[in-house]
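*Asks:* File final11.pdb follows (PDB, C-alpha atoms):
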```pdb
ATOM      1  CA  MET M 140       0.000   0.000   0.000
ATOM      2  CA  ASP M 141       1.261   3.478  -0.930
ATOM      3  CA  LYS M 142       2.316   5.290   2.253
ATOM      4  CA  ASP M 143       1.292   8.640   0.715
ATOM      5  CA  ALA M 144      -2.234   7.372   0.085
ATOM      6  CA  PRO M 145      -4.771   9.461   1.953
ATOM      7  CA  SER M 146      -6.743   7.951   4.782
ATOM      8  CA  LEU M 147     -10.058   9.309   5.895
ATOM      9  CA  HIS M 148     -11.054   9.756   9.552
ATOM     10  CA  ILE M 149     -14.477  11.200   8.998
ATOM     11  CA  MET M 150     -17.633   9.580  10.312
ATOM     12  CA  ARG M 151     -19.996  11.310   7.911
ATOM     13  CA  SER M 152     -21.153   9.478   4.806
ATOM     14  CA  GLN M 153     -20.029  10.541   1.325
ATOM     15  CA  LEU M 154     -23.522  11.893   0.666
ATOM     16  CA  GLY M 155     -23.588  13.858   3.925
ATOM     17  CA  ARG M 156     -20.253  15.462   3.058
ATOM     18  CA  ALA M 157     -21.427  16.550  -0.381
ATOM     19  CA  ARG M 158     -24.823  17.913   0.671
ATOM     20  CA  GLY M 159     -25.160  21.660   0.995
ATOM     21  CA  LEU M 160     -22.014  22.328  -1.050
ATOM     22  CA  GLY M 161     -23.805  22.765  -4.360
ATOM     23  CA  ALA M 162     -25.091  25.912  -6.005
ATOM     24  CA  ALA M 163     -26.857  28.542  -3.897
ATOM     25  CA  LYS M 164     -29.608  28.561  -6.561
ATOM     26  CA  SER M 165     -29.299  32.317  -7.100
ATOM     27  CA  GLY M 166     -26.416  32.419  -9.579
ATOM     28  CA  LEU M 167     -28.533  32.627 -12.712
ATOM     29  CA  GLY M 168     -30.038  35.989 -11.713
ATOM     30  CA  HIS M 169     -26.529  37.397 -11.187
ATOM     31  CA  TRP M 170     -25.260  35.968 -14.480
ATOM     32  CA  TRP M 171     -28.280  37.228 -16.432
ATOM     33  CA  ALA M 172     -28.197  40.710 -14.871
ATOM     34  CA  GLN M 173     -24.523  41.039 -15.833
ATOM     35  CA  ARG M 174     -25.362  40.229 -19.478
ATOM     36  CA  VAL M 175     -28.406  42.521 -19.601
ATOM     37  CA  THR M 176     -26.440  45.455 -18.160
ATOM     38  CA  ALA M 177     -23.570  44.652 -20.561
ATOM     39  CA  VAL M 178     -25.902  44.896 -23.555
ATOM     40  CA  ALA M 179     -27.441  48.103 -22.170
ATOM     41  CA  LEU M 180     -23.963  49.585 -21.714
ATOM     42  CA  LEU M 181     -23.009  49.064 -25.376
ATOM     43  CA  PRO M 182     -25.083  52.009 -26.722
ATOM     44  CA  LEU M 183     -24.819  53.933 -23.431
ATOM     45  CA  SER M 184     -20.987  53.775 -23.477
ATOM     46  CA  LEU M 185     -20.956  54.999 -27.069
ATOM     47  CA  TYR M 186     -23.259  57.856 -26.012
ATOM     48  CA  PHE M 187     -20.971  58.605 -23.041
ATOM     49  CA  VAL M 188     -17.841  58.707 -25.232
ATOM     50  CA  VAL M 189     -19.532  61.125 -27.666
ATOM     51  CA  SER M 190     -20.804  63.250 -24.750
ATOM     52  CA  VAL M 191     -17.340  63.483 -23.219
ATOM     53  CA  LEU M 192     -15.911  64.576 -26.585
ATOM     54  CA  MET M 193     -18.619  67.248 -26.860
ATOM     55  CA  LEU M 194     -17.971  68.415 -23.297
ATOM     56  CA  ALA M 195     -14.142  68.474 -23.584
ATOM     57  CA  GLY M 196     -12.989  71.818 -22.235
ATOM     58  CA  ALA M 197     -16.561  72.983 -21.607
ATOM     59  CA  ASP M 198     -17.244  75.232 -18.629
ATOM     60  CA  ARG M 199     -19.761  74.405 -15.912
ATOM     61  CA  ALA M 200     -22.600  76.362 -17.533
ATOM     62  CA  ALA M 201     -22.188  74.483 -20.819
ATOM     63  CA  MET M 202     -22.146  71.172 -18.956
ATOM     64  CA  ALA M 203     -25.305  72.103 -17.008
ATOM     65  CA  ALA M 204     -26.994  73.121 -20.260
ATOM     66  CA  TYR M 205     -26.023  69.807 -21.866
ATOM     67  CA  LEU M 206     -27.256  67.712 -18.927
ATOM     68  CA  GLY M 207     -30.381  69.883 -18.741
ATOM     69  CA  GLU M 208     -31.593  68.581 -22.100
ATOM     70  CA  PRO M 209     -34.186  65.931 -21.120
ATOM     71  CA  TRP M 210     -32.684  63.279 -23.425
ATOM     72  CA  ASN M 211     -29.253  63.812 -21.938
ATOM     73  CA  THR M 212     -30.571  63.765 -18.351
ATOM     74  CA  VAL M 213     -32.334  60.462 -18.966
ATOM     75  CA  LEU M 214     -29.430  58.869 -20.858
ATOM     76  CA  PHE M 215     -26.907  59.912 -18.206
ATOM     77  CA  LEU M 216     -29.122  58.510 -15.428
ATOM     78  CA  LEU M 217     -29.547  55.264 -17.392
ATOM     79  CA  LEU M 218     -25.794  55.102 -17.920
ATOM     80  CA  ILE M 219     -25.127  55.600 -14.197
ATOM     81  CA  VAL M 220     -27.617  52.895 -13.151
ATOM     82  CA  ALA M 221     -26.420  50.320 -15.721
ATOM     83  CA  LEU M 222     -22.748  51.122 -15.115
ATOM     84  CA  PHE M 223     -22.835  50.837 -11.321
ATOM     85  CA  TYR M 224     -25.033  47.725 -11.465
ATOM     86  CA  HIS M 225     -22.645  46.078 -13.937
ATOM     87  CA  LEU M 226     -19.481  46.956 -12.021
ATOM     88  CA  SER M 227     -21.054  45.869  -8.734
ATOM     89  CA  LEU M 228     -21.744  42.408 -10.207
ATOM     90  CA  GLY M 229     -18.259  42.221 -11.733
ATOM     91  CA  LEU M 230     -16.348  43.301  -8.625
ATOM     92  CA  GLN M 231     -18.374  40.838  -6.530
ATOM     93  CA  VAL M 232     -17.213  37.964  -8.766
ATOM     94  CA  VAL M 233     -13.599  39.132  -8.620
ATOM     95  CA  LEU M 234     -13.698  39.300  -4.794
ATOM     96  CA  GLU M 235     -15.426  35.893  -4.581
ATOM     97  CA  ASP M 236     -12.692  34.422  -6.786
ATOM     98  CA  TYR M 237      -9.624  35.843  -5.062
ATOM     99  CA  VAL M 238     -10.501  36.425  -1.375
ATOM    100  CA  SER M 239     -10.391  32.944   0.161
ATOM    101  CA  ASN M 240     -11.087  33.844   3.806
ATOM    102  CA  GLU M 241     -14.836  33.814   4.279
ATOM    103  CA  ALA M 242     -15.079  36.685   6.772
ATOM    104  CA  THR M 243     -12.737  38.920   4.752
ATOM    105  CA  ARG M 244     -14.634  38.046   1.590
ATOM    106  CA  LEU M 245     -18.015  38.975   3.079
ATOM    107  CA  ALA M 246     -16.620  42.176   4.597
ATOM    108  CA  SER M 247     -14.906  43.256   1.364
ATOM    109  CA  ILE M 248     -17.996  42.570  -0.760
ATOM    110  CA  LEU M 249     -20.224  44.518   1.647
ATOM    111  CA  GLY M 250     -17.687  47.369   1.783
ATOM    112  CA  VAL M 251     -17.398  47.584  -2.003
ATOM    113  CA  LYS M 252     -21.179  47.437  -2.449
ATOM    114  CA  GLY M 253     -21.624  50.203   0.126
ATOM    115  CA  LEU M 254     -19.113  52.385  -1.717
ATOM    116  CA  ILE M 255     -20.895  51.611  -5.003
ATOM    117  CA  TRP M 256     -24.288  52.683  -3.594
ATOM    118  CA  PHE M 257     -22.703  55.874  -2.242
ATOM    119  CA  CYS M 258     -21.020  56.778  -5.545
ATOM    120  CA  ALA M 259     -24.054  55.842  -7.660
ATOM    121  CA  LEU M 260     -26.348  58.079  -5.604
ATOM    122  CA  ALA M 261     -23.737  60.862  -5.609
ATOM    123  CA  CYS M 262     -23.651  60.676  -9.434
ATOM    124  CA  ILE M 263     -27.455  60.683  -9.724
ATOM    125  CA  VAL M 264     -27.869  63.640  -7.351
ATOM    126  CA  SER M 265     -25.094  65.545  -9.170
ATOM    127  CA  VAL M 266     -26.650  64.990 -12.598
ATOM    128  CA  LEU M 267     -30.086  66.052 -11.298
ATOM    129  CA  LYS M 268     -28.605  69.110  -9.588
ATOM    130  CA  LEU M 269     -26.829  70.152 -12.791
ATOM    131  CA  ALA M 270     -29.920  69.450 -14.910
ATOM    132  CA  PHE M 271     -32.468  71.383 -12.827
TER     133      PHE M 271
ATOM    134  CA  MET H 299      -7.323  13.576   7.023
ATOM    135  CA  LYS H 300     -10.125  15.035   9.123
ATOM    136  CA  ASP H 301     -11.047  18.160   7.175
ATOM    137  CA  VAL H 302     -14.345  17.728   5.346
ATOM    138  CA  ARG H 303     -13.462  20.039   2.456
ATOM    139  CA  GLU H 304     -10.098  18.355   1.945
ATOM    140  CA  ALA H 305     -11.842  14.981   2.089
ATOM    141  CA  LEU H 306     -13.941  15.975  -0.906
ATOM    142  CA  PHE H 307     -10.771  15.865  -3.019
ATOM    143  CA  VAL H 308     -10.321  12.188  -2.136
ATOM    144  CA  ALA H 309     -11.834   9.376  -4.183
ATOM    145  CA  ARG H 310     -11.372   5.654  -4.800
ATOM    146  CA  ASN H 311      -9.558   4.450  -7.890
ATOM    147  CA  THR H 312     -10.498   1.296  -9.819
ATOM    148  CA  GLN H 313      -8.433  -0.803  -7.366
ATOM    149  CA  GLY H 314     -10.592   0.537  -4.557
ATOM    150  CA  GLN H 315      -7.716   2.491  -3.002
ATOM    151  CA  LEU H 316      -8.212   6.013  -1.695
ATOM    152  CA  VAL H 317      -6.354   8.586  -3.836
ATOM    153  CA  ARG H 318      -6.183  12.342  -3.927
ATOM    154  CA  ARG H 319      -7.854  13.564  -7.108
ATOM    155  CA  PRO H 320      -5.447  15.449  -9.364
ATOM    156  CA  LEU H 321      -5.898  19.222  -9.592
ATOM    157  CA  SER H 322      -4.969  21.245 -12.650
ATOM    158  CA  PRO H 323      -1.997  23.568 -11.983
ATOM    159  CA  PHE H 324      -2.560  27.175 -10.871
ATOM    160  CA  MET H 325      -3.228  29.516 -13.809
ATOM    161  CA  LEU H 326       0.002  31.505 -13.264
ATOM    162  CA  GLY H 327       3.388  29.833 -13.511
ATOM    163  CA  SER H 328       5.288  27.601 -15.890
ATOM    164  CA  ALA H 329       2.480  25.055 -16.435
ATOM    165  CA  TYR H 330       0.820  27.067 -19.181
ATOM    166  CA  ARG H 331       2.382  29.048 -22.013
ATOM    167  CA  ALA H 332       1.194  32.579 -22.747
ATOM    168  CA  GLN H 333      -1.581  32.571 -25.330
ATOM    169  CA  ILE H 334      -4.136  34.954 -26.768
ATOM    170  CA  SER H 335      -7.078  33.145 -25.138
ATOM    171  CA  SER H 336      -5.890  33.377 -21.537
ATOM    172  CA  GLY H 337      -4.333  36.802 -22.170
ATOM    173  CA  THR H 338      -7.522  38.438 -23.435
ATOM    174  CA  SER H 339      -9.435  36.799 -20.584
ATOM    175  CA  ILE H 340      -7.323  38.164 -17.740
ATOM    176  CA  VAL H 341      -7.016  41.580 -19.428
ATOM    177  CA  HIS H 342     -10.835  41.692 -19.584
ATOM    178  CA  ARG H 343     -10.932  41.279 -15.817
ATOM    179  CA  ILE H 344      -8.083  43.765 -15.223
ATOM    180  CA  THR H 345      -9.718  46.414 -17.431
ATOM    181  CA  GLY H 346     -13.025  45.787 -15.623
ATOM    182  CA  CYS H 347     -11.356  46.546 -12.296
ATOM    183  CA  ALA H 348      -9.546  49.553 -13.787
ATOM    184  CA  LEU H 349     -12.831  50.905 -15.166
ATOM    185  CA  SER H 350     -14.394  50.507 -11.715
ATOM    186  CA  ALA H 351     -11.607  52.693 -10.333
ATOM    187  CA  GLY H 352     -12.139  55.072 -13.258
ATOM    188  CA  THR H 353     -15.804  55.305 -12.320
ATOM    189  CA  LEU H 354     -14.663  56.862  -9.022
ATOM    190  CA  LEU H 355     -13.117  59.590 -11.158
ATOM    191  CA  LEU H 356     -16.380  59.964 -13.101
ATOM    192  CA  THR H 357     -18.184  60.316  -9.771
ATOM    193  CA  LEU H 358     -15.691  62.948  -8.628
ATOM    194  CA  TRP H 359     -16.095  64.829 -11.934
ATOM    195  CA  LEU H 360     -19.911  64.929 -11.687
ATOM    196  CA  VAL H 361     -19.900  65.815  -7.970
ATOM    197  CA  CYS H 362     -17.402  68.653  -8.567
ATOM    198  CA  ALA H 363     -19.508  69.928 -11.467
ATOM    199  CA  ALA H 364     -22.571  69.930  -9.230
ATOM    200  CA  ALA H 365     -20.704  71.508  -6.311
ATOM    201  CA  GLY H 366     -19.768  74.763  -8.005
ATOM    202  CA  ASP H 367     -17.388  76.678 -10.254
ATOM    203  CA  SER H 368     -14.321  76.513  -8.004
ATOM    204  CA  ALA H 369     -14.552  72.735  -7.444
ATOM    205  CA  PHE H 370     -15.201  72.187 -11.157
ATOM    206  CA  SER H 371     -12.175  74.240 -12.205
ATOM    207  CA  VAL H 372      -9.977  72.163  -9.850
ATOM    208  CA  ILE H 373     -11.079  68.825 -11.353
ATOM    209  CA  GLN H 374     -10.896  70.175 -14.923
ATOM    210  CA  ALA H 375      -7.364  71.436 -14.289
ATOM    211  CA  PHE H 376      -6.378  68.037 -12.871
ATOM    212  CA  LEU H 377      -7.870  66.173 -15.862
ATOM    213  CA  ALA H 378      -6.053  68.534 -18.267
ATOM    214  CA  SER H 379      -2.677  68.019 -16.531
ATOM    215  CA  TRP H 380      -0.288  65.431 -18.002
ATOM    216  CA  ILE H 381      -1.097  62.912 -15.266
ATOM    217  CA  GLY H 382      -4.820  63.525 -15.761
ATOM    218  CA  ILE H 383      -4.514  62.962 -19.504
ATOM    219  CA  LEU H 384      -2.463  59.804 -18.878
ATOM    220  CA  ILE H 385      -5.240  58.487 -16.606
ATOM    221  CA  LEU H 386      -7.893  59.409 -19.184
ATOM    222  CA  ILE H 387      -5.969  57.674 -21.989
ATOM    223  CA  GLY H 388      -5.783  54.552 -19.810
ATOM    224  CA  PHE H 389      -9.488  54.896 -18.995
ATOM    225  CA  THR H 390     -10.547  55.168 -22.660
ATOM    226  CA  ALA H 391      -8.264  52.282 -23.710
ATOM    227  CA  ALA H 392      -9.710  50.111 -20.917
ATOM    228  CA  LEU H 393     -13.243  51.140 -21.888
ATOM    229  CA  PHE H 394     -12.736  50.302 -25.577
ATOM    230  CA  TYR H 395     -11.039  46.995 -24.772
ATOM    231  CA  HIS H 396     -13.677  45.923 -22.231
ATOM    232  CA  THR H 397     -16.479  46.886 -24.642
ATOM    233  CA  ILE H 398     -15.025  45.141 -27.704
ATOM    234  CA  ASN H 399     -13.923  42.045 -25.770
ATOM    235  CA  GLY H 400     -17.322  42.128 -24.045
ATOM    236  CA  LEU H 401     -18.868  41.581 -27.487
ATOM    237  CA  ARG H 402     -16.782  38.397 -27.771
ATOM    238  CA  HIS H 403     -18.073  37.251 -24.396
ATOM    239  CA  LEU H 404     -21.668  37.951 -25.416
ATOM    240  CA  ALA H 405     -21.125  35.967 -28.636
ATOM    241  CA  TRP H 406     -19.734  33.038 -26.619
ATOM    242  CA  ASP H 407     -22.740  33.254 -24.290
ATOM    243  CA  ALA H 408     -24.878  32.821 -27.417
ATOM    244  CA  GLY H 409     -22.785  29.756 -28.315
ATOM    245  CA  ARG H 410     -20.918  31.364 -31.209
ATOM    246  CA  GLY H 411     -17.246  31.904 -32.001
ATOM    247  CA  PHE H 412     -15.748  29.029 -30.007
ATOM    248  CA  GLU H 413     -13.735  27.555 -32.922
ATOM    249  CA  LEU H 414     -10.049  28.111 -32.146
ATOM    250  CA  PRO H 415      -9.137  29.992 -35.371
ATOM    251  CA  THR H 416     -12.195  32.250 -34.908
ATOM    252  CA  MET H 417     -11.437  32.782 -31.223
ATOM    253  CA  HIS H 418      -7.802  33.670 -31.938
ATOM    254  CA  ARG H 419      -8.801  36.022 -34.756
ATOM    255  CA  THR H 420     -11.435  37.859 -32.683
ATOM    256  CA  GLY H 421      -8.911  38.124 -29.838
ATOM    257  CA  TRP H 422      -6.410  39.959 -32.040
ATOM    258  CA  LEU H 423      -9.284  42.001 -33.503
ATOM    259  CA  ALA H 424     -10.224  43.130 -29.972
ATOM    260  CA  ILE H 425      -6.634  44.257 -29.324
ATOM    261  CA  GLY H 426      -6.344  45.990 -32.700
ATOM    262  CA  GLY H 427      -9.776  47.582 -32.320
ATOM    263  CA  THR H 428      -8.796  48.945 -28.914
ATOM    264  CA  VAL H 429      -5.678  50.607 -30.313
ATOM    265  CA  VAL H 430      -7.551  52.085 -33.291
ATOM    266  CA  ALA H 431     -10.506  53.341 -31.202
ATOM    267  CA  THR H 432      -8.217  54.870 -28.565
ATOM    268  CA  VAL H 433      -6.093  56.680 -31.169
ATOM    269  CA  VAL H 434      -9.178  57.943 -33.050
ATOM    270  CA  PHE H 435     -10.762  59.130 -29.789
ATOM    271  CA  TRP H 436      -7.691  61.105 -28.735
ATOM    272  CA  VAL H 437      -7.104  62.626 -32.159
ATOM    273  CA  ILE H 438     -10.694  63.936 -32.057
ATOM    274  CA  ALA H 439     -10.343  64.941 -28.392
ATOM    275  CA  PHE H 440      -7.221  67.035 -29.005
ATOM    276  CA  LEU H 441      -8.854  68.599 -32.080
ATOM    277  CA  VAL H 442     -12.008  69.735 -30.234
ATOM    278  CA  TRP H 443     -10.408  70.444 -26.834
TER     279      TRP H 443
END
```
Take the structure in this file and express it as structure tokens.

*Replies:*
Amino acid sequence: MDKDAPSLHIMRSQLGRARGLGAAKSGLGHWWAQRVTAVALLPLSLYFVVSVLMLAGADRAAMAAYLGEPWNTVLFLLLIVALFYHLSLGLQVVLEDYVSNEATRLASILGVKGLIWFCALACIVSVLKLAF
Amino acid sequence: MKDVREALFVARNTQGQLVRRPLSPFMLGSAYRAQISSGTSIVHRITGCALSAGTLLLTLWLVCAAAGDSAFSVIQAFLASWIGILILIGFTAALFYHTINGLRHLAWDAGRGFELPTMHRTGWLAIGGTVVATVVFWVIAFLVW
């Protein structure tokens, strides 16, 4: 017998060990939301790039006038929502992949999500303040 | 072995002996050679993280614009400095790469483009497209700025 062969000292059955370690049954919603926001961000990113080019070197009044156009207000708000939603899902996956300690992982995900909510609302309030 | 998680990596072979199941080597290191498939994959993740950091800058830009003229002139001056422009060039390159490579990912999700020659070609297209889009963006930006 190979002396390096593993030996098990566990009373639980094979089935008992495997139970509860499967999927959490909520992954599909995360996966789907990441794809939907990705598709939404395709035209919104293009719009953002064009907007930034139009606003290059603009003063604050010109920026407020631009964001005050109803189409631009709506598209910027859509961009902010889709962007922060998408990056929140992406950063969560990255943290889940690379942070192996469970407590640190939970804390870092909650911290990042808190920061994301803060920044997203700050962006929305700023756009609304500039627009109105 | 008493750890339940570790025990899950143990199985019986055809002789009925307990063996540790083999694990594939860690993604970094000498086990794998550099290739376009793994390269574009990790760069997609890196640019995603970089764009998240860049979104902090977008937040700062909008908040400063909402705050008032003095705050806005500070952020505009920073963005127009050489370090600001360097950050913005990195931001636009990351944005173009993540968007174009994101199209590849969406195609794969739809079950298309998995053939190796196609996958290699679209990988190089994503890199080339990023360079072209970034250069075009900055030529226009410096013209209208």

*Asks:* Given the ChimeraX specification (/H :<8) & /M and the file above, list the residues it selects as an MDAnalysis selection string.

*Replies:* chainID M and resid 144:149 156:157 174 177 181 192:193 195:196 199 226 229:230 233 258:259 261:262 265:266 268:269

*Asks:* Let me have the centre and edge lengths in Å, one decimal, of the box along x, y and z around every listed atom of range 361-366 of chain H with 5 Å of margin on each side, as JSON.

*Replies:*
```
{"center_x": -20.0, "center_y": 70.3, "center_z": -8.9, "size_x": 15.2, "size_y": 18.9, "size_z": 15.2}
```

*Asks:* Can you tell me how far CA of Val188 in chain M sits from CA of Ala392 in chain H, in Å to one decimal?

*Replies:*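 According to the coordinates, CA of Val188 in chain M and CA of Ala392 in chain H are separated by 12.6 Å.
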
*Asks:* Just how far from CA of Ile334 in chain H is CA of Met417 in chain H, in Å to one decimal?

*Replies:*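 Computing the Euclidean distance for CA of Met417 in chain H and CA of Ile334 in chain H yields 8.8 Å.
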
*Asks:* Using the chain letters and residue numbers of this document, give as a PyMOL selection string the residues selected by the PyMOL selection byres ((chain M and resi 204-209) around 9).

*Replies:* chain M and resi 190+194+199-203+210-215+266-267+269-271

*Asks:* To one decimal in Å, tell me the separation between CA of Thr338 in chain H and CA of Asn399 in chain H.

*Replies:* 7.7 Å

*Asks:* Let me make sure I understand: among H:Val429, H:Ala329, H:Ile385, H:Ala405, which one has the smallest atom-to-atom distance to Leu355 in chain H if we use all atoms listed in the file?

*Replies:* H:Ile385

*Asks:* Written as number ranges by chain, which residues does the PyMOL selection byres ((chain M and resi 247) around 12) give for the file shown?

*Replies:* M: 230-235, 237-246, 248-254
